[in-house]
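coords.csv (CSV, C-alpha atoms)
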```csv
chain,number,residue,atom,x,y,z
A,30,MET,CA,20.2,32.3,-1.8
A,31,ALA,CA,23.2,32.4,0.5
A,32,ALA,CA,23.1,28.9,1.9
A,33,PRO,CA,24.3,26.2,-0.5
A,34,LEU,CA,22.1,23.8,-2.4
A,35,SER,CA,22.9,20.2,-2.8
A,36,ILE,CA,22.6,19.4,-6.5
A,37,VAL,CA,22.6,15.8,-7.8
A,38,TYR,CA,22.6,14.5,-11.4
A,39,PHE,CA,21.6,11.2,-12.9
A,40,ALA,CA,22.1,9.3,-16.2
A,41,TRP,CA,23.2,11.5,-19.2
A,42,VAL,CA,22.7,14.7,-17.3
A,43,ARG,CA,25.3,13.4,-14.8
A,44,GLU,CA,27.7,12.3,-17.6
A,45,ARG,CA,27.5,15.8,-19.2
A,46,VAL,CA,28.0,17.7,-16.0
A,47,GLY,CA,30.9,15.4,-15.1
A,48,VAL,CA,30.0,14.9,-11.4
A,49,SER,CA,27.2,13.1,-9.6
A,50,GLU,CA,26.7,15.8,-7.0
A,51,GLU,CA,28.0,19.2,-6.0
A,52,SER,CA,27.2,21.9,-3.4
A,53,LEU,CA,26.7,25.3,-4.9
A,54,SER,CA,25.5,28.7,-3.6
A,55,PRO,CA,23.6,30.5,-6.3
A,56,PRO,CA,22.9,34.3,-6.0
A,57,ASP,CA,19.8,35.6,-4.3
A,58,SER,CA,18.2,36.1,-7.7
A,59,VAL,CA,17.8,32.4,-8.0
A,60,ALA,CA,14.3,31.7,-6.5
A,61,THR,CA,13.0,28.7,-8.5
A,62,VAL,CA,14.1,25.6,-10.3
A,63,ALA,CA,13.9,27.5,-13.6
A,64,ASP,CA,16.1,30.3,-12.2
A,65,LEU,CA,18.6,27.6,-11.1
A,66,VAL,CA,18.7,25.9,-14.5
A,67,THR,CA,19.4,29.3,-16.2
A,68,TRP,CA,22.2,30.1,-13.7
A,69,LEU,CA,23.7,26.6,-14.0
A,70,SER,CA,23.6,26.8,-17.8
A,71,ASN,CA,25.8,29.9,-17.6
A,72,LEU,CA,28.3,28.4,-15.2
A,73,ASP,CA,30.5,26.6,-17.7
A,74,GLN,CA,30.5,24.4,-20.8
A,75,ARG,CA,29.7,21.2,-19.0
A,76,HIS,CA,26.6,22.5,-17.3
A,77,ALA,CA,25.6,24.3,-20.5
A,78,ALA,CA,25.8,20.9,-22.3
A,79,ALA,CA,23.7,19.2,-19.7
A,80,PHE,CA,20.9,21.8,-19.9
A,81,LYS,CA,21.2,22.5,-23.6
A,82,ASP,CA,17.9,20.7,-24.2
A,83,ARG,CA,16.4,22.0,-20.9
A,84,GLU,CA,12.8,21.0,-21.8
A,85,THR,CA,14.0,17.4,-21.7
A,86,VAL,CA,15.6,17.6,-18.2
A,87,ARG,CA,13.3,16.6,-15.3
A,88,CYS,CA,13.9,17.5,-11.7
A,89,ALA,CA,13.1,16.6,-8.1
A,90,VAL,CA,13.4,18.8,-5.0
A,91,ASN,CA,14.0,17.0,-1.7
A,92,HIS,CA,13.2,13.6,-3.2
A,93,GLU,CA,9.8,14.7,-4.7
A,94,PHE,CA,9.3,15.2,-8.4
A,95,ALA,CA,9.1,18.9,-9.0
A,96,ASP,CA,8.7,21.3,-11.9
A,97,THR,CA,10.5,24.4,-13.0
A,98,SER,CA,8.2,26.7,-11.0
A,99,THR,CA,9.1,25.0,-7.7
A,100,VAL,CA,10.5,27.5,-5.2
A,101,LEU,CA,13.9,26.6,-3.7
A,102,ARG,CA,15.0,27.1,-0.1
A,103,PRO,CA,18.5,27.1,1.3
A,104,GLY,CA,19.7,23.5,1.9
A,105,ASP,CA,17.4,21.9,-0.6
A,106,GLU,CA,18.5,18.8,-2.5
A,107,VAL,CA,17.8,19.4,-6.2
A,108,ALA,CA,18.1,16.5,-8.6
A,109,PHE,CA,18.3,16.8,-12.4
A,110,PHE,CA,17.8,13.8,-14.7
A,111,PRO,CA,16.3,12.6,-18.0
A,112,PRO,CA,12.7,11.3,-18.1
A,113,VAL,CA,12.7,8.1,-16.1
A,114,THR,CA,12.9,4.7,-17.9
A,115,GLY,CA,12.6,2.0,-15.2
A,116,GLY,CA,10.3,-1.0,-15.0
B,13,MET,CA,1.4,-6.6,3.5
B,14,THR,CA,3.5,-4.4,1.2
B,15,THR,CA,7.0,-5.4,0.4
B,16,ILE,CA,9.3,-3.1,-1.5
B,17,SER,CA,12.9,-3.8,-2.4
B,18,VAL,CA,15.5,-2.1,-4.6
B,19,GLN,CA,18.4,-4.6,-5.0
B,20,THR,CA,21.3,-5.7,-7.2
B,21,GLU,CA,20.6,-9.4,-6.8
B,22,ASP,CA,18.0,-11.5,-8.6
B,23,PHE,CA,14.7,-12.4,-6.9
B,24,ASP,CA,13.1,-15.8,-6.4
B,25,VAL,CA,9.5,-15.5,-7.6
B,26,ALA,CA,8.2,-18.6,-5.8
B,27,ALA,CA,9.8,-17.5,-2.5
B,28,GLU,CA,8.3,-14.0,-2.9
B,29,ILE,CA,4.8,-15.5,-3.6
B,30,GLY,CA,5.2,-17.5,-0.4
B,31,ARG,CA,6.2,-14.4,1.5
B,32,LEU,CA,3.2,-12.5,0.2
B,33,THR,CA,0.6,-15.2,0.8
B,34,ASN,CA,2.1,-16.3,4.1
B,35,GLY,CA,-0.4,-19.1,4.7
B,36,ARG,CA,-3.4,-16.8,4.3
B,37,THR,CA,-6.6,-18.5,3.0
B,38,ASP,CA,-8.6,-15.3,2.1
B,39,ILE,CA,-6.6,-14.7,-1.1
B,40,GLY,CA,-8.5,-15.6,-4.2
B,41,GLY,CA,-6.1,-14.4,-6.8
B,42,LEU,CA,-2.5,-13.4,-7.3
B,43,GLY,CA,-1.3,-11.1,-10.1
B,44,CYS,CA,2.3,-11.3,-11.3
B,45,PHE,CA,4.4,-9.3,-13.7
B,46,ILE,CA,8.1,-10.1,-14.3
B,47,GLY,CA,10.1,-7.7,-16.4
B,48,VAL,CA,13.0,-9.3,-18.2
B,49,VAL,CA,16.1,-7.9,-20.1
B,50,ARG,CA,15.2,-8.5,-23.8
B,51,GLU,CA,18.0,-9.0,-26.4
B,52,ASP,CA,16.9,-6.2,-28.7
B,53,THR,CA,17.8,-7.3,-32.3
B,54,SER,CA,15.8,-4.6,-33.9
B,55,HIS,CA,18.9,-2.6,-34.6
B,56,GLU,CA,20.2,-3.0,-38.2
B,57,SER,CA,23.7,-4.1,-37.4
B,58,PRO,CA,24.4,-7.1,-35.2
B,59,GLU,CA,27.0,-5.2,-33.2
B,60,ARG,CA,24.2,-3.0,-32.0
B,61,ALA,CA,22.5,-6.0,-30.4
B,62,ILE,CA,22.1,-5.5,-26.6
B,63,ARG,CA,24.9,-7.1,-24.6
B,64,ALA,CA,23.8,-5.8,-21.2
B,65,LEU,CA,21.5,-3.3,-19.5
B,66,THR,CA,22.5,-1.1,-16.6
B,67,LEU,CA,19.9,0.4,-14.3
B,68,GLU,CA,20.8,3.6,-12.4
B,69,HIS,CA,18.5,5.0,-9.7
B,70,TYR,CA,18.3,7.8,-7.2
B,71,PRO,CA,18.9,5.8,-4.0
B,72,SER,CA,17.6,8.4,-1.5
B,73,MET,CA,14.3,8.8,-3.4
B,74,THR,CA,13.6,5.4,-5.1
B,75,VAL,CA,11.9,3.5,-2.2
B,76,ARG,CA,9.8,6.6,-1.3
B,77,ALA,CA,8.6,6.9,-4.9
B,78,ILE,CA,7.6,3.3,-5.1
B,79,GLU,CA,5.8,3.5,-1.7
B,80,ARG,CA,3.7,6.3,-3.2
B,81,ILE,CA,2.8,4.1,-6.1
B,82,THR,CA,1.9,1.1,-4.0
B,83,ALA,CA,-0.2,3.3,-1.7
B,84,GLU,CA,-2.1,4.6,-4.7
B,85,ALA,CA,-2.7,1.0,-5.9
B,86,GLU,CA,-4.0,0.1,-2.4
B,87,ARG,CA,-6.2,3.1,-2.4
B,88,ARG,CA,-7.8,2.2,-5.8
B,89,TRP,CA,-8.1,-1.6,-5.3
B,90,ASP,CA,-9.0,-3.9,-2.4
B,91,LEU,CA,-5.6,-5.6,-2.1
B,92,ILE,CA,-4.5,-8.0,0.6
B,93,GLY,CA,-0.9,-7.3,-0.2
B,94,CYS,CA,1.6,-6.4,-2.9
B,95,THR,CA,5.3,-6.8,-3.6
B,96,VAL,CA,7.5,-4.7,-5.8
B,97,ILE,CA,11.2,-5.7,-6.3
B,98,HIS,CA,13.3,-3.6,-8.8
B,99,ARG,CA,16.8,-4.6,-9.6
B,100,VAL,CA,19.6,-2.0,-10.2
B,101,GLY,CA,23.1,-2.4,-11.7
B,102,ARG,CA,24.2,-4.4,-14.7
B,103,MET,CA,22.0,-7.2,-16.1
B,104,LEU,CA,22.3,-9.5,-19.1
B,105,PRO,CA,19.6,-10.5,-21.6
B,106,GLY,CA,17.3,-13.1,-20.0
B,107,GLU,CA,17.8,-11.8,-16.5
B,108,ASN,CA,14.9,-10.5,-14.4
B,109,ILE,CA,14.6,-6.7,-13.9
B,110,VAL,CA,11.5,-6.2,-12.0
B,111,LEU,CA,8.8,-8.1,-10.1
B,112,VAL,CA,5.3,-7.0,-9.3
B,113,LEU,CA,3.0,-9.3,-7.2
B,114,THR,CA,-0.5,-8.5,-6.0
B,115,ALA,CA,-2.8,-10.5,-3.8
B,116,ALA,CA,-6.6,-9.9,-3.6
B,117,ALA,CA,-9.8,-11.7,-2.9
B,118,HIS,CA,-10.8,-11.6,-6.5
B,119,ARG,CA,-8.9,-11.7,-9.8
B,120,GLN,CA,-9.9,-8.4,-11.3
B,121,ALA,CA,-8.4,-6.4,-8.5
B,122,ALA,CA,-5.2,-8.4,-8.6
B,123,LEU,CA,-4.9,-8.2,-12.4
B,124,ASP,CA,-5.7,-4.5,-12.7
B,125,ALA,CA,-3.5,-3.5,-9.8
B,126,THR,CA,-0.6,-5.4,-11.3
B,127,ALA,CA,-0.9,-3.6,-14.7
B,128,PHE,CA,-1.3,-0.3,-12.8
B,129,LEU,CA,1.8,-0.9,-10.7
B,130,ILE,CA,4.1,-1.7,-13.7
B,131,ASP,CA,2.7,1.2,-15.7
B,132,TRP,CA,3.3,3.7,-12.9
B,133,LEU,CA,6.7,2.2,-12.1
B,134,LYS,CA,7.9,2.9,-15.6
B,135,THR,CA,7.0,6.6,-15.5
B,136,LYS,CA,6.9,7.6,-11.8
B,137,ALA,CA,10.0,6.0,-10.2
B,138,PRO,CA,13.5,7.4,-10.6
B,139,PHE,CA,15.2,4.6,-12.6
B,140,TRP,CA,17.2,5.1,-15.8
B,141,LYS,CA,18.2,2.3,-18.3
B,142,ARG,CA,21.5,2.3,-20.2
B,143,GLU,CA,21.9,-0.2,-23.1
B,144,GLU,CA,25.3,-1.6,-23.8
B,145,PHE,CA,25.9,-2.9,-27.3
B,146,GLN,CA,28.1,-5.8,-28.6
B,147,ASN,CA,30.5,-3.2,-30.0
B,148,GLY,CA,31.0,-1.7,-26.5
B,149,GLU,CA,29.1,1.4,-27.2
B,150,GLY,CA,26.2,2.4,-25.1
B,151,VAL,CA,23.2,4.7,-25.0
B,152,TRP,CA,20.6,5.9,-22.5
B,153,VAL,CA,17.2,4.5,-23.2
B,154,GLU,CA,14.7,7.3,-24.1
B,155,ALA,CA,11.4,7.5,-22.4
B,156,LYS,CA,8.5,6.2,-24.6
B,157,ASP,CA,5.3,8.1,-25.4
B,158,THR,CA,3.6,4.7,-25.2
B,159,ASP,CA,4.6,4.4,-21.6
B,160,ASP,CA,3.2,7.8,-20.8
B,161,ALA,CA,0.0,6.7,-22.5
B,162,ALA,CA,-0.1,3.5,-20.5
B,163,THR,CA,0.2,5.5,-17.3
B,164,ALA,CA,-2.4,8.0,-18.4
B,165,ARG,CA,-5.1,5.3,-18.9
B,166,TRP,CA,-5.3,4.8,-15.2
```
Take the structure in this file and express it as structure tokens.
Amino acid sequence: MAAPLSIVYFAWVRERVGVSEESLSPPDSVATVADLVTWLSNLDQRHAAAFKDRETVRCAVNHEFADTSTVLRPGDEVAFFPPVTGG
Amino acid sequence: MTTISVQTEDFDVAAEIGRLTNGRTDIGGLGCFIGVVREDTSHESPERAIRALTLEHYPSMTVRAIERITAEAERRWDLIGCTVIHRVGRMLPGENIVLVLTAAAHRQAALDATAFLIDWLKTKAPFWKREEFQNGEGVWVEAKDTDDAATARW
């Protein structure tokens, strides 16, 4: 994937990564959300901490709730966050 | 009429009911749920009592997610209208967090749609609660299995 992804984080995922959003260009081998999580986890300690319990982290792609099998396209906005607790 | 708002300021329930009914005479029942910040004293030490609650959300997604939920309510029940107002930011115990109003010709649709809307809002809209304690510490609220069960019953 040559074109950058816009990646946004919320709640404790944001606190662990240390930024609320970043633009990253993962390698072509990153095709799905699961691939992206694996790649991010190996970037540095902060990302590793955010995705340490990766089963707990939820995601959205282009503002729709998504799952780890969702295929990513260049320019997508991918969000990672804990299970929602509104209402 | 469907009204959705995500806002920092409090809401006026009477004014929102007036806006929803808007002089119509075919409404037979209104459903209303108001979520309020509760001072949780279940923690063992008093300094862990909740001093405030902060609601974070995903601004570019939140309204769209709520629209999807209200559309589902309108598909399932014969509603004349509904209102969802969800506050974000920092709130103190006793303050309102969320308002759900429904209007229908008959009570069952209004009551059921109100319960449906708040159950789905808790599990299908991108909001996150952070509790702030008297001692200054804070913790992100964990999602509850009971909320998932409440969503699944619909």
Residues at most 10 Å from Val62 of chain A, counting only C-alpha atoms, excluding those fewer than 4 positions away in the same chain, as a tab-separated table (two decimals) with C-alpha atoms, in the frame of the given file?
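Wrote it out as out-v1.tsv, contents follow:
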```tsv
chain	number	residue	atom	x	y	z
A	66	VAL	CA	18.70	25.90	-14.50
A	67	THR	CA	19.40	29.30	-16.20
A	68	TRP	CA	22.20	30.10	-13.70
A	88	CYS	CA	13.90	17.50	-11.70
A	89	ALA	CA	13.10	16.60	-8.10
A	90	VAL	CA	13.40	18.80	-5.00
A	95	ALA	CA	9.10	18.90	-9.00
A	96	ASP	CA	8.70	21.30	-11.90
A	97	THR	CA	10.50	24.40	-13.00
A	98	SER	CA	8.20	26.70	-11.00
A	99	THR	CA	9.10	25.00	-7.70
A	100	VAL	CA	10.50	27.50	-5.20
A	101	LEU	CA	13.90	26.60	-3.70
A	107	VAL	CA	17.80	19.40	-6.20
A	109	PHE	CA	18.30	16.80	-12.40
```
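Protein and nucleic acid residues near (-7.6, -16.8, -3.7) are Thr37, Asp38, Ile39, Gly40, Gly41, Leu42, Ala115, Ala116, Ala117, His118 and Arg119 of chain B, the criterion being any atom at most 9 Å away using all atoms listed in the file.
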If we count all atoms listed in the file, what is near Phe145 of chain B at a cut-off of 9 Å, once residues fewer than 6 positions away on the same chain are taken out, given as a list in words?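 Near neighbours after the sequence-gap exclusion: Glu59, Arg60, Ala61, Ile62, Arg63, Ala64, Leu65 and Val151 of chain B.
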Grab the residues selected above and save them as a PDB file, in the coordinates of the input with C-alpha atoms.
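The new file out_0.pdb reads:
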```pdb
ATOM      1  CA  GLU B  59      27.000  -5.200 -33.200  1.00  0.00           C
ATOM      2  CA  ARG B  60      24.200  -3.000 -32.000  1.00  0.00           C
ATOM      3  CA  ALA B  61      22.500  -6.000 -30.400  1.00  0.00           C
ATOM      4  CA  ILE B  62      22.100  -5.500 -26.600  1.00  0.00           C
ATOM      5  CA  ARG B  63      24.900  -7.100 -24.600  1.00  0.00           C
ATOM      6  CA  ALA B  64      23.800  -5.800 -21.200  1.00  0.00           C
ATOM      7  CA  LEU B  65      21.500  -3.300 -19.500  1.00  0.00           C
ATOM      8  CA  VAL B 151      23.200   4.700 -25.000  1.00  0.00           C
TER       9      VAL B 151
END
```
Can you check which residues of chain B have any atom within 10 Å of chain A? Use all atoms listed in the file and format it as a VMD selection string. chain B and resid 46 to 48 67 to 74 76 to 77 97 to 100 109 to 112 129 to 142 151 to 156 159
Export of the given selection (C-alpha atoms) as a PDB file, keeping the file's coordinate frame:
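Output saved as result-v7.pdb:
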```
ATOM      1  CA  ILE B  46       8.100 -10.100 -14.300  1.00  0.00           C
ATOM      2  CA  GLY B  47      10.100  -7.700 -16.400  1.00  0.00           C
ATOM      3  CA  VAL B  48      13.000  -9.300 -18.200  1.00  0.00           C
ATOM      4  CA  LEU B  67      19.900   0.400 -14.300  1.00  0.00           C
ATOM      5  CA  GLU B  68      20.800   3.600 -12.400  1.00  0.00           C
ATOM      6  CA  HIS B  69      18.500   5.000  -9.700  1.00  0.00           C
ATOM      7  CA  TYR B  70      18.300   7.800  -7.200  1.00  0.00           C
ATOM      8  CA  PRO B  71      18.900   5.800  -4.000  1.00  0.00           C
ATOM      9  CA  SER B  72      17.600   8.400  -1.500  1.00  0.00           C
ATOM     10  CA  MET B  73      14.300   8.800  -3.400  1.00  0.00           C
ATOM     11  CA  THR B  74      13.600   5.400  -5.100  1.00  0.00           C
ATOM     12  CA  ARG B  76       9.800   6.600  -1.300  1.00  0.00           C
ATOM     13  CA  ALA B  77       8.600   6.900  -4.900  1.00  0.00           C
ATOM     14  CA  ILE B  97      11.200  -5.700  -6.300  1.00  0.00           C
ATOM     15  CA  HIS B  98      13.300  -3.600  -8.800  1.00  0.00           C
ATOM     16  CA  ARG B  99      16.800  -4.600  -9.600  1.00  0.00           C
ATOM     17  CA  VAL B 100      19.600  -2.000 -10.200  1.00  0.00           C
ATOM     18  CA  ILE B 109      14.600  -6.700 -13.900  1.00  0.00           C
ATOM     19  CA  VAL B 110      11.500  -6.200 -12.000  1.00  0.00           C
ATOM     20  CA  LEU B 111       8.800  -8.100 -10.100  1.00  0.00           C
ATOM     21  CA  VAL B 112       5.300  -7.000  -9.300  1.00  0.00           C
ATOM     22  CA  LEU B 129       1.800  -0.900 -10.700  1.00  0.00           C
ATOM     23  CA  ILE B 130       4.100  -1.700 -13.700  1.00  0.00           C
ATOM     24  CA  ASP B 131       2.700   1.200 -15.700  1.00  0.00           C
ATOM     25  CA  TRP B 132       3.300   3.700 -12.900  1.00  0.00           C
ATOM     26  CA  LEU B 133       6.700   2.200 -12.100  1.00  0.00           C
ATOM     27  CA  LYS B 134       7.900   2.900 -15.600  1.00  0.00           C
ATOM     28  CA  THR B 135       7.000   6.600 -15.500  1.00  0.00           C
ATOM     29  CA  LYS B 136       6.900   7.600 -11.800  1.00  0.00           C
ATOM     30  CA  ALA B 137      10.000   6.000 -10.200  1.00  0.00           C
ATOM     31  CA  PRO B 138      13.500   7.400 -10.600  1.00  0.00           C
ATOM     32  CA  PHE B 139      15.200   4.600 -12.600  1.00  0.00           C
ATOM     33  CA  TRP B 140      17.200   5.100 -15.800  1.00  0.00           C
ATOM     34  CA  LYS B 141      18.200   2.300 -18.300  1.00  0.00           C
ATOM     35  CA  ARG B 142      21.500   2.300 -20.200  1.00  0.00           C
ATOM     36  CA  VAL B 151      23.200   4.700 -25.000  1.00  0.00           C
ATOM     37  CA  TRP B 152      20.600   5.900 -22.500  1.00  0.00           C
ATOM     38  CA  VAL B 153      17.200   4.500 -23.200  1.00  0.00           C
ATOM     39  CA  GLU B 154      14.700   7.300 -24.100  1.00  0.00           C
ATOM     40  CA  ALA B 155      11.400   7.500 -22.400  1.00  0.00           C
ATOM     41  CA  LYS B 156       8.500   6.200 -24.600  1.00  0.00           C
ATOM     42  CA  ASP B 159       4.600   4.400 -21.600  1.00  0.00           C
TER      43      ASP B 159
END
```
Which residues come within 10 Å of Glu79 of chain B, counting all atoms listed in the file, excluding same-chain residues fewer than 3 positions away, as a PDB file with C-alpha atoms, keeping the file's coordinate frame?
```pdb
ATOM      1  CA  THR B  14       3.500  -4.400   1.200  1.00  0.00           C
ATOM      2  CA  THR B  15       7.000  -5.400   0.400  1.00  0.00           C
ATOM      3  CA  ILE B  16       9.300  -3.100  -1.500  1.00  0.00           C
ATOM      4  CA  THR B  74      13.600   5.400  -5.100  1.00  0.00           C
ATOM      5  CA  VAL B  75      11.900   3.500  -2.200  1.00  0.00           C
ATOM      6  CA  ARG B  76       9.800   6.600  -1.300  1.00  0.00           C
ATOM      7  CA  THR B  82       1.900   1.100  -4.000  1.00  0.00           C
ATOM      8  CA  ALA B  83      -0.200   3.300  -1.700  1.00  0.00           C
ATOM      9  CA  GLU B  84      -2.100   4.600  -4.700  1.00  0.00           C
ATOM     10  CA  ALA B  85      -2.700   1.000  -5.900  1.00  0.00           C
ATOM     11  CA  VAL B  96       7.500  -4.700  -5.800  1.00  0.00           C
ATOM     12  CA  ALA B 137      10.000   6.000 -10.200  1.00  0.00           C
TER      13      ALA B 137
END
```
Which of these, B:Gln120, B:Gly93, B:Glu144, B:Ala161, has the shortest distance to Thr33 of chain B once you count only C-alpha atoms?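 Once distances to Thr33 of chain B are computed over only C-alpha atoms, the minimum belongs to B:Gly93.
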Please determine the residues with any atom at most 10 Å from (23.7, 31.9, -6.9) (coordinates as given in the file, with only C-alpha atoms counting) and report them as number ranges by chain. A: 30-34, 53-60, 64-65, 68-69
Output the selection as a PDB file, in the coordinates of the input - C-alpha atoms for each residue.
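Result saved to part.pdb:
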```
ATOM      1  CA  MET A  30      20.200  32.300  -1.800  1.00  0.00           C
ATOM      2  CA  ALA A  31      23.200  32.400   0.500  1.00  0.00           C
ATOM      3  CA  ALA A  32      23.100  28.900   1.900  1.00  0.00           C
ATOM      4  CA  PRO A  33      24.300  26.200  -0.500  1.00  0.00           C
ATOM      5  CA  LEU A  34      22.100  23.800  -2.400  1.00  0.00           C
ATOM      6  CA  LEU A  53      26.700  25.300  -4.900  1.00  0.00           C
ATOM      7  CA  SER A  54      25.500  28.700  -3.600  1.00  0.00           C
ATOM      8  CA  PRO A  55      23.600  30.500  -6.300  1.00  0.00           C
ATOM      9  CA  PRO A  56      22.900  34.300  -6.000  1.00  0.00           C
ATOM     10  CA  ASP A  57      19.800  35.600  -4.300  1.00  0.00           C
ATOM     11  CA  SER A  58      18.200  36.100  -7.700  1.00  0.00           C
ATOM     12  CA  VAL A  59      17.800  32.400  -8.000  1.00  0.00           C
ATOM     13  CA  ALA A  60      14.300  31.700  -6.500  1.00  0.00           C
ATOM     14  CA  ASP A  64      16.100  30.300 -12.200  1.00  0.00           C
ATOM     15  CA  LEU A  65      18.600  27.600 -11.100  1.00  0.00           C
ATOM     16  CA  TRP A  68      22.200  30.100 -13.700  1.00  0.00           C
ATOM     17  CA  LEU A  69      23.700  26.600 -14.000  1.00  0.00           C
TER      18      LEU A  69
END
```
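What separates atom CA of Gln74 of chain A from atom CA of Asn147 of chain B is a distance of 29.1 Å.
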Quick one: distance from atom CA of Ala79 of chain A to atom CA of Arg43 of chain A in Å, one decimal? 7.8 Å
